[in-house]
>>> print(open('query.tsv').read())   # TSV, C-alpha atoms
chain	number	residue	atom	x	y	z
A	1385	MET	CA	-83.11	17.80	36.28
A	1386	SER	CA	-79.71	17.22	37.86
A	1387	LEU	CA	-79.20	14.68	40.63
A	1388	PHE	CA	-78.53	17.52	43.05
A	1389	ALA	CA	-81.81	19.22	42.10
A	1390	ILE	CA	-83.72	15.97	42.68
A	1391	PHE	CA	-82.04	15.57	46.08
A	1392	TYR	CA	-82.84	19.19	46.92
A	1393	MET	CA	-86.45	18.69	45.90
A	1394	VAL	CA	-86.65	15.78	48.37
A	1395	VAL	CA	-85.21	18.07	51.07
A	1396	ALA	CA	-87.90	20.65	50.24
A	1397	TYR	CA	-90.53	17.93	50.51
A	1398	LEU	CA	-89.27	16.90	53.96
A	1399	LEU	CA	-89.26	20.51	55.13
A	1400	GLY	CA	-92.77	20.94	53.77
A	1401	SER	CA	-93.83	17.83	55.70
A	1402	VAL	CA	-93.27	19.62	59.02
A	1403	SER	CA	-96.87	20.53	59.91
A	1404	SER	CA	-96.81	23.71	61.98
A	1405	ALA	CA	-100.58	23.52	62.55
A	1406	ILE	CA	-100.35	20.13	64.25
A	1407	LEU	CA	-97.19	20.94	66.22
A	1408	LEU	CA	-98.30	24.37	67.44
A	1409	CYS	CA	-101.73	23.07	68.42
A	1410	ARG	CA	-100.04	20.32	70.45
A	1411	LEU	CA	-97.80	22.86	72.19
A	1412	ALA	CA	-100.79	25.09	72.95
A	1413	GLY	CA	-102.91	22.20	74.25
A	1414	LEU	CA	-105.46	22.61	71.46
A	1415	PRO	CA	-107.31	19.83	69.61
A	1416	ASP	CA	-105.64	18.18	66.64
A	1417	PRO	CA	-106.68	20.31	63.62
A	1418	ARG	CA	-107.04	17.11	61.58
A	1419	ASN	CA	-109.92	16.10	63.84
A	1420	SER	CA	-111.47	19.49	64.68
A	1421	GLY	CA	-113.19	22.28	62.80
A	1422	SER	CA	-112.80	21.65	59.07
A	1423	ASN	CA	-110.31	18.80	59.77
A	1424	ASN	CA	-107.66	20.66	57.81
A	1425	PRO	CA	-104.23	21.31	59.39
A	1426	GLY	CA	-103.88	24.84	58.07
A	1427	ALA	CA	-103.94	28.42	59.32
A	1428	THR	CA	-107.63	29.00	58.56
A	1429	ASN	CA	-108.76	26.03	60.61
A	1430	VAL	CA	-106.35	26.89	63.43
A	1431	LEU	CA	-107.93	30.35	63.46
A	1432	ARG	CA	-111.28	28.69	64.13
A	1433	ILE	CA	-110.08	26.42	66.93
A	1434	GLY	CA	-107.23	28.40	68.49
A	1435	GLY	CA	-107.52	32.11	67.73
A	1436	ARG	CA	-105.66	34.60	65.61
A	1437	TRP	CA	-102.21	34.55	67.23
A	1438	ILE	CA	-101.54	30.85	66.91
A	1439	ALA	CA	-103.07	30.95	63.42
A	1440	LEU	CA	-100.64	33.74	62.52
A	1441	GLY	CA	-97.77	31.55	63.73
A	1442	VAL	CA	-98.98	28.68	61.53
A	1443	LEU	CA	-99.37	31.01	58.55
A	1444	LEU	CA	-95.85	32.46	58.87
A	1445	PHE	CA	-94.22	29.07	59.40
A	1446	ASP	CA	-96.02	27.54	56.42
A	1447	MET	CA	-95.00	30.45	54.20
A	1448	PHE	CA	-91.40	30.22	55.44
A	1449	LYS	CA	-91.05	26.51	54.69
A	1450	GLY	CA	-92.06	27.17	51.10
A	1451	MET	CA	-89.96	30.30	50.71
A	1452	LEU	CA	-86.69	29.07	52.25
A	1453	PRO	CA	-85.83	26.21	49.85
A	1454	VAL	CA	-86.71	28.28	46.77
A	1455	TRP	CA	-84.71	31.27	47.94
A	1456	LEU	CA	-81.70	29.10	48.72
A	1457	GLY	CA	-82.14	27.40	45.35
A	1458	TYR	CA	-81.45	30.72	43.64
A	1459	TYR	CA	-78.07	30.95	45.34
A	1460	LEU	CA	-77.32	27.30	44.60
A	1461	GLY	CA	-77.67	27.96	40.89
A	1462	LEU	CA	-80.75	25.86	40.15
A	1463	THR	CA	-82.48	26.41	36.82
A	1464	HIS	CA	-85.93	27.97	36.58
A	1465	PHE	CA	-87.54	24.59	36.02
A	1466	GLU	CA	-85.65	23.08	38.96
A	1467	LEU	CA	-86.71	25.93	41.24
A	1468	GLY	CA	-90.30	25.27	40.20
A	1469	MET	CA	-89.91	21.60	41.08
A	1470	VAL	CA	-88.48	22.58	44.47
A	1471	ALA	CA	-91.55	24.74	45.07
A	1472	LEU	CA	-93.74	21.80	44.04
A	1473	GLY	CA	-91.81	19.54	46.43
A	1474	ALA	CA	-92.43	21.86	49.38
A	1475	CYS	CA	-96.14	22.02	48.57
A	1476	LEU	CA	-96.37	18.25	48.19
A	1477	GLY	CA	-94.76	17.92	51.61
A	1478	HIS	CA	-97.34	20.19	53.18
A	1479	ILE	CA	-100.26	18.44	51.49
A	1480	PHE	CA	-98.94	14.88	51.91
A	1481	PRO	CA	-96.57	15.05	54.93
A	1482	ILE	CA	-94.56	11.91	55.47
A	1483	PHE	CA	-94.27	12.70	59.19
A	1484	PHE	CA	-98.05	12.85	59.71
A	1485	LYS	CA	-99.40	9.86	57.80
A	1486	PHE	CA	-99.66	11.90	54.58
A	1487	LYS	CA	-102.64	13.87	55.91
A	1488	GLY	CA	-101.78	17.53	55.48
A	1489	GLY	CA	-103.18	20.92	54.64
A	1490	LYS	CA	-104.19	22.49	51.37
A	1491	GLY	CA	-100.90	24.22	50.64
A	1492	VAL	CA	-102.03	27.82	50.10
A	1493	ALA	CA	-99.58	29.52	52.48
A	1494	THR	CA	-96.72	27.20	51.49
A	1495	ALA	CA	-97.39	27.82	47.80
A	1496	PHE	CA	-97.47	31.57	48.38
A	1497	GLY	CA	-94.13	31.38	50.19
A	1498	ALA	CA	-92.62	29.22	47.45
A	1499	ILE	CA	-93.83	31.42	44.57
A	1500	ALA	CA	-93.21	34.80	46.24
A	1501	PRO	CA	-89.39	34.84	45.68
A	1502	ILE	CA	-89.98	34.87	41.92
A	1503	SER	CA	-90.75	38.61	42.05
A	1504	TRP	CA	-92.39	41.19	44.28
A	1505	GLY	CA	-94.89	41.84	41.50
A	1506	VAL	CA	-96.07	38.24	41.57
A	1507	ALA	CA	-96.19	38.18	45.37
A	1508	GLY	CA	-98.18	41.42	45.54
A	1509	SER	CA	-100.61	40.28	42.84
A	1510	MET	CA	-101.19	36.98	44.63
A	1511	LEU	CA	-101.79	38.60	48.00
A	1512	GLY	CA	-103.97	41.34	46.53
A	1513	THR	CA	-106.16	38.84	44.66
A	1514	TRP	CA	-106.63	36.63	47.72
A	1515	LEU	CA	-107.51	39.56	49.98
A	1516	LEU	CA	-109.87	41.14	47.46
A	1517	VAL	CA	-111.86	37.95	46.90
A	1518	PHE	CA	-111.90	37.15	50.62
A	1519	LEU	CA	-113.10	40.61	51.66
A	1520	ILE	CA	-115.84	40.52	49.02
A	1521	THR	CA	-117.06	36.95	49.58
A	1522	GLY	CA	-115.79	35.84	53.01
A	1523	TYR	CA	-114.78	32.45	51.55
A	1524	SER	CA	-111.17	31.46	52.18
A	1525	SER	CA	-111.47	28.49	49.81
A	1526	LEU	CA	-112.88	30.58	46.94
A	1527	SER	CA	-110.09	33.13	47.46
A	1528	ALA	CA	-107.49	30.36	47.20
A	1529	VAL	CA	-109.01	28.77	44.09
A	1530	LEU	CA	-109.42	32.03	42.16
A	1531	THR	CA	-105.91	33.14	43.12
A	1532	ALA	CA	-104.48	29.79	41.97
A	1533	LEU	CA	-106.27	30.20	38.63
A	1534	LEU	CA	-104.81	33.70	38.11
A	1535	VAL	CA	-101.27	33.19	39.42
A	1536	PRO	CA	-99.92	31.56	36.22
A	1537	PHE	CA	-101.00	34.67	34.30
A	1538	TYR	CA	-99.27	36.93	36.82
A	1539	VAL	CA	-96.10	34.85	36.53
A	1540	TRP	CA	-96.32	34.89	32.72
A	1541	TRP	CA	-96.51	38.69	32.87
A	1542	PHE	CA	-93.67	39.28	35.33
A	1543	LYS	CA	-91.44	36.19	34.95
A	1544	PRO	CA	-92.58	34.08	31.96
A	1545	GLU	CA	-89.75	31.55	32.35
A	1546	PHE	CA	-91.43	30.28	35.55
A	1547	THR	CA	-94.92	29.88	34.07
A	1548	PHE	CA	-94.94	26.11	33.56
A	1549	PRO	CA	-93.63	24.99	36.99
A	1550	VAL	CA	-95.82	27.54	38.78
A	1551	ALA	CA	-98.83	26.30	36.82
A	1552	LEU	CA	-98.10	22.79	38.15
A	1553	VAL	CA	-98.16	24.11	41.72
A	1554	CYS	CA	-101.44	25.92	41.06
A	1555	CYS	CA	-103.02	22.79	39.57
A	1556	LEU	CA	-102.09	20.96	42.77
A	1557	LEU	CA	-103.74	23.66	44.88
A	1558	ILE	CA	-106.95	23.56	42.85
A	1559	TYR	CA	-107.05	19.76	43.07
A	1560	ARG	CA	-106.59	19.96	46.84
A	1561	HIS	CA	-109.64	22.22	47.04
A	1562	HIS	CA	-111.96	19.94	45.05
A	1563	ASP	CA	-114.18	19.30	48.09
A	1564	ASN	CA	-114.49	23.02	48.74
A	1565	ILE	CA	-115.34	23.65	45.09
A	1566	GLN	CA	-118.16	21.12	45.29
A	1567	ARG	CA	-119.52	22.72	48.48
A	1568	LEU	CA	-119.29	26.18	46.93
A	1569	TRP	CA	-121.19	24.94	43.88
A	1570	ARG	CA	-123.92	23.48	46.10
A	1571	GLY	CA	-124.02	26.56	48.34
A	1572	GLN	CA	-122.90	24.52	51.37
A	1573	GLU	CA	-119.56	26.20	52.07
A	1574	ASP	CA	-119.55	28.34	55.21
A	1575	LYS	CA	-117.87	31.71	55.31
A	1576	VAL	CA	-114.93	31.98	57.72
A	1577	TRP	CA	-116.49	34.72	59.84
A	1578	ARG	CA	-119.79	32.84	60.05
A	1579	LYS	CA	-118.00	29.79	61.42
A	1580	LEU	CA	-116.13	31.90	63.95
A	1581	LYS	CA	-119.38	33.55	65.07
A	1582	LYS	CA	-121.06	30.15	65.52
A	1583	GLN	CA	-118.15	28.85	67.57
A	1584	ASN	CA	-118.06	31.96	69.75
A	1585	GLN	CA	-121.78	31.62	70.44
A	1586	SER	CA	-121.47	27.94	71.29
A	1587	SER	CA	-118.55	28.61	73.63
A	1588	LYS	CA	-120.64	31.14	75.58
A	1589	GLU	CA	-123.55	28.74	76.06
>>> encode(input="query.tsv", output="structure tokens")
Amino acid sequence: MSLFAIFYMVVAYLLGSVSSAILLCRLAGLPDPRNSGSNNPGATNVLRIGGRWIALGVLLFDMFKGMLPVWLGYYLGLTHFELGMVALGACLGHIFPIFFKFKGGKGVATAFGAIAPISWGVAGSMLGTWLLVFLITGYSSLSAVLTALLVPFYVWWFKPEFTFPVALVCCLLIYRHHDNIQRLWRGQEDKVWRKLKKQNQSSKE
């Protein structure tokens, strides 16, 4: 990697470290997502504690902060490997944000945003896989893990030169979901809609 690419990867990491879940919850007067719900500063947890509109804002921001540095990297002439490292840097920033004591989210939306510029085919396959698994099972975590397992194959099919760096990003996502995988294995993971129903019932009592 060139010195410029390393510097740009650090910039992507710093951008990824801007936690929209924490900042938007503060602006909306909501509890800190690191200490509420699933204790994860991501769009799914914000949906539980703040509703769909603020969760949508978190989702779009997290996707954008992964997409922007990779897209700009194309125009800056970075190699395929360097673009993959930039995507990895943005995801690392989201998961281990320097601005928030290295306690971040799980990186799904940021990874999607970072990988999506590779090709529309990859982006559509990723989104379709996540939605299909989620609609069938109701588990956001299972949707993320299965999508992360399949994305390297999608990339190999559409843009094989990006397979290795994208596989690194997907390995990071799967590692970040290790607690969810254990709960899924033990049958202890709650479905998203079940959690929302429980919270709505408790708020009415």
>>> residues_near_point(input="query.tsv", point="(-106.8, 25.8, 44.9)", cutoff="10 Å", atoms="only C-alpha atoms", output="MDAnalysis selection string")
chainID A and resid 1490:1492 1525:1533 1553:1562 1564:1565
>>> closest_residue(input="query.tsv", among="A:Leu1443, A:Leu1534, A:Gln1572, A:Leu1407", to="Trp1514 of chain A", atoms="only C-alpha atoms")
A:Leu1534
>>> atom_distance(input="query.tsv", atom1="atom CA of Ala1498 of chain A", atom2="atom CA of Met1447 of chain A")
7.3 Å
>>> residues_around(input="query.tsv", residues="segment 1501-1513 of chain A", least_positions_apart="2", cutoff="9 Å", atoms="all atoms listed in the file", output="ChimeraX atom specification")
/A:1451,1454-1455,1496-1499,1515-1518,1527-1528,1530-1532,1534-1535,1538-1539,1541-1543,1546
>>> closest_residue(input="query.tsv", among="A:Arg1570, A:Ile1482, A:Gly1468, A:Ile1520", to="Met1385 of chain A", atoms="all atoms listed in the file")
A:Gly1468
>>> residues_around(input="query.tsv", residues="segment 1410-1420 of chain A", least_positions_apart="4", cutoff="9 Å", atoms="all atoms listed in the file", output="VMD selection string")
chain A and resid 1405 to 1406 1424 to 1426 1429 to 1430 1433 to 1434 1438 1487 to 1489
>>> closest_residue(input="query.tsv", among="A:His1478, A:Lys1575, A:Lys1485, A:Arg1567", to="Gly1400 of chain A", atoms="all atoms listed in the file")
A:His1478
>>> atom_distance(input="query.tsv", atom1="atom CA of Leu1476 of chain A", atom2="atom CA of Ser1401 of chain A")
7.9 Å
>>> decode(input="query.tsv", residues="segment 1395-1418 of chain A", atoms="N, CA, C and O atoms", output="PDB file, in the first residue's frame")
ATOM      1  N   VAL A1395      -8.173   8.145   7.524  1.00  0.00           N
ATOM      2  CA  VAL A1395      -9.287   9.085   7.375  1.00  0.00           C
ATOM      3  C   VAL A1395     -10.622   8.325   7.367  1.00  0.00           C
ATOM      4  O   VAL A1395     -11.596   8.747   8.011  1.00  0.00           O
ATOM      5  N   ALA A1396     -10.670   7.208   6.648  1.00  0.00           N
ATOM      6  CA  ALA A1396     -11.887   6.390   6.612  1.00  0.00           C
ATOM      7  C   ALA A1396     -12.224   5.857   7.999  1.00  0.00           C
ATOM      8  O   ALA A1396     -13.395   5.795   8.392  1.00  0.00           O
ATOM      9  N   TYR A1397     -11.185   5.476   8.753  1.00  0.00           N
ATOM     10  CA  TYR A1397     -11.405   5.003  10.118  1.00  0.00           C
ATOM     11  C   TYR A1397     -12.005   6.112  10.984  1.00  0.00           C
ATOM     12  O   TYR A1397     -12.946   5.873  11.752  1.00  0.00           O
ATOM     13  N   LEU A1398     -11.477   7.320  10.872  1.00  0.00           N
ATOM     14  CA  LEU A1398     -11.985   8.438  11.676  1.00  0.00           C
ATOM     15  C   LEU A1398     -13.429   8.766  11.294  1.00  0.00           C
ATOM     16  O   LEU A1398     -14.248   9.063  12.170  1.00  0.00           O
ATOM     17  N   LEU A1399     -13.737   8.716  10.010  1.00  0.00           N
ATOM     18  CA  LEU A1399     -15.116   8.952   9.588  1.00  0.00           C
ATOM     19  C   LEU A1399     -16.030   7.848  10.119  1.00  0.00           C
ATOM     20  O   LEU A1399     -17.132   8.113  10.601  1.00  0.00           O
ATOM     21  N   GLY A1400     -15.552   6.611  10.064  1.00  0.00           N
ATOM     22  CA  GLY A1400     -16.329   5.506  10.588  1.00  0.00           C
ATOM     23  C   GLY A1400     -16.552   5.604  12.079  1.00  0.00           C
ATOM     24  O   GLY A1400     -17.537   5.063  12.613  1.00  0.00           O
ATOM     25  N   SER A1401     -15.651   6.298  12.784  1.00  0.00           N
ATOM     26  CA  SER A1401     -15.748   6.429  14.234  1.00  0.00           C
ATOM     27  C   SER A1401     -16.843   7.385  14.685  1.00  0.00           C
ATOM     28  O   SER A1401     -17.141   7.465  15.878  1.00  0.00           O
ATOM     29  N   VAL A1402     -17.427   8.123  13.753  1.00  0.00           N
ATOM     30  CA  VAL A1402     -18.535   9.027  14.093  1.00  0.00           C
ATOM     31  C   VAL A1402     -19.798   8.182  14.256  1.00  0.00           C
ATOM     32  O   VAL A1402     -20.368   7.712  13.274  1.00  0.00           O
ATOM     33  N   SER A1403     -20.215   7.965  15.493  1.00  0.00           N
ATOM     34  CA  SER A1403     -21.358   7.087  15.770  1.00  0.00           C
ATOM     35  C   SER A1403     -22.667   7.851  15.652  1.00  0.00           C
ATOM     36  O   SER A1403     -23.045   8.622  16.533  1.00  0.00           O
ATOM     37  N   SER A1404     -23.386   7.622  14.565  1.00  0.00           N
ATOM     38  CA  SER A1404     -24.655   8.320  14.361  1.00  0.00           C
ATOM     39  C   SER A1404     -25.696   7.873  15.380  1.00  0.00           C
ATOM     40  O   SER A1404     -26.550   8.671  15.792  1.00  0.00           O
ATOM     41  N   ALA A1405     -25.642   6.614  15.806  1.00  0.00           N
ATOM     42  CA  ALA A1405     -26.622   6.122  16.785  1.00  0.00           C
ATOM     43  C   ALA A1405     -26.524   6.898  18.092  1.00  0.00           C
ATOM     44  O   ALA A1405     -27.535   7.323  18.664  1.00  0.00           O
ATOM     45  N   ILE A1406     -25.307   7.088  18.573  1.00  0.00           N
ATOM     46  CA  ILE A1406     -25.108   7.805  19.833  1.00  0.00           C
ATOM     47  C   ILE A1406     -25.484   9.274  19.675  1.00  0.00           C
ATOM     48  O   ILE A1406     -26.203   9.850  20.508  1.00  0.00           O
ATOM     49  N   LEU A1407     -25.025   9.897  18.598  1.00  0.00           N
ATOM     50  CA  LEU A1407     -25.251  11.335  18.407  1.00  0.00           C
ATOM     51  C   LEU A1407     -26.729  11.646  18.181  1.00  0.00           C
ATOM     52  O   LEU A1407     -27.273  12.589  18.776  1.00  0.00           O
ATOM     53  N   LEU A1408     -27.400  10.862  17.333  1.00  0.00           N
ATOM     54  CA  LEU A1408     -28.811  11.126  17.066  1.00  0.00           C
ATOM     55  C   LEU A1408     -29.679  10.840  18.283  1.00  0.00           C
ATOM     56  O   LEU A1408     -30.662  11.550  18.527  1.00  0.00           O
ATOM     57  N   CYS A1409     -29.327   9.831  19.062  1.00  0.00           N
ATOM     58  CA  CYS A1409     -30.077   9.563  20.292  1.00  0.00           C
ATOM     59  C   CYS A1409     -29.901  10.714  21.283  1.00  0.00           C
ATOM     60  O   CYS A1409     -30.852  11.094  21.980  1.00  0.00           O
ATOM     61  N   ARG A1410     -28.715  11.282  21.352  1.00  0.00           N
ATOM     62  CA  ARG A1410     -28.496  12.437  22.228  1.00  0.00           C
ATOM     63  C   ARG A1410     -29.343  13.617  21.774  1.00  0.00           C
ATOM     64  O   ARG A1410     -29.983  14.293  22.589  1.00  0.00           O
ATOM     65  N   LEU A1411     -29.351  13.875  20.475  1.00  0.00           N
ATOM     66  CA  LEU A1411     -30.128  15.000  19.946  1.00  0.00           C
ATOM     67  C   LEU A1411     -31.624  14.809  20.174  1.00  0.00           C
ATOM     68  O   LEU A1411     -32.353  15.782  20.391  1.00  0.00           O
ATOM     69  N   ALA A1412     -32.074  13.560  20.125  1.00  0.00           N
ATOM     70  CA  ALA A1412     -33.499  13.269  20.297  1.00  0.00           C
ATOM     71  C   ALA A1412     -33.887  13.069  21.759  1.00  0.00           C
ATOM     72  O   ALA A1412     -35.063  12.831  22.053  1.00  0.00           O
ATOM     73  N   GLY A1413     -32.931  13.180  22.673  1.00  0.00           N
ATOM     74  CA  GLY A1413     -33.229  12.989  24.087  1.00  0.00           C
ATOM     75  C   GLY A1413     -33.521  11.549  24.461  1.00  0.00           C
ATOM     76  O   GLY A1413     -34.210  11.292  25.452  1.00  0.00           O
ATOM     77  N   LEU A1414     -32.978  10.608  23.697  1.00  0.00           N
ATOM     78  CA  LEU A1414     -33.189   9.188  23.960  1.00  0.00           C
ATOM     79  C   LEU A1414     -32.041   8.625  24.792  1.00  0.00           C
ATOM     80  O   LEU A1414     -30.968   9.232  24.869  1.00  0.00           O
ATOM     81  N   PRO A1415     -32.229   7.456  25.388  1.00  0.00           N
ATOM     82  CA  PRO A1415     -31.142   6.839  26.156  1.00  0.00           C
ATOM     83  C   PRO A1415     -29.949   6.498  25.264  1.00  0.00           C
ATOM     84  O   PRO A1415     -30.098   6.308  24.048  1.00  0.00           O
ATOM     85  N   ASP A1416     -28.784   6.424  25.860  1.00  0.00           N
ATOM     86  CA  ASP A1416     -27.581   6.024  25.144  1.00  0.00           C
ATOM     87  C   ASP A1416     -27.759   4.578  24.673  1.00  0.00           C
ATOM     88  O   ASP A1416     -27.993   3.684  25.489  1.00  0.00           O
ATOM     89  N   PRO A1417     -27.671   4.310  23.355  1.00  0.00           N
ATOM     90  CA  PRO A1417     -27.891   2.946  22.868  1.00  0.00           C
ATOM     91  C   PRO A1417     -26.860   1.946  23.367  1.00  0.00           C
ATOM     92  O   PRO A1417     -27.085   0.739  23.289  1.00  0.00           O
ATOM     93  N   ARG A1418     -25.737   2.444  23.899  1.00  0.00           N
ATOM     94  CA  ARG A1418     -24.737   1.530  24.467  1.00  0.00           C
ATOM     95  C   ARG A1418     -25.178   0.996  25.823  1.00  0.00           C
ATOM     96  O   ARG A1418     -24.615   0.005  26.310  1.00  0.00           O
TER      97      ARG A1418
END
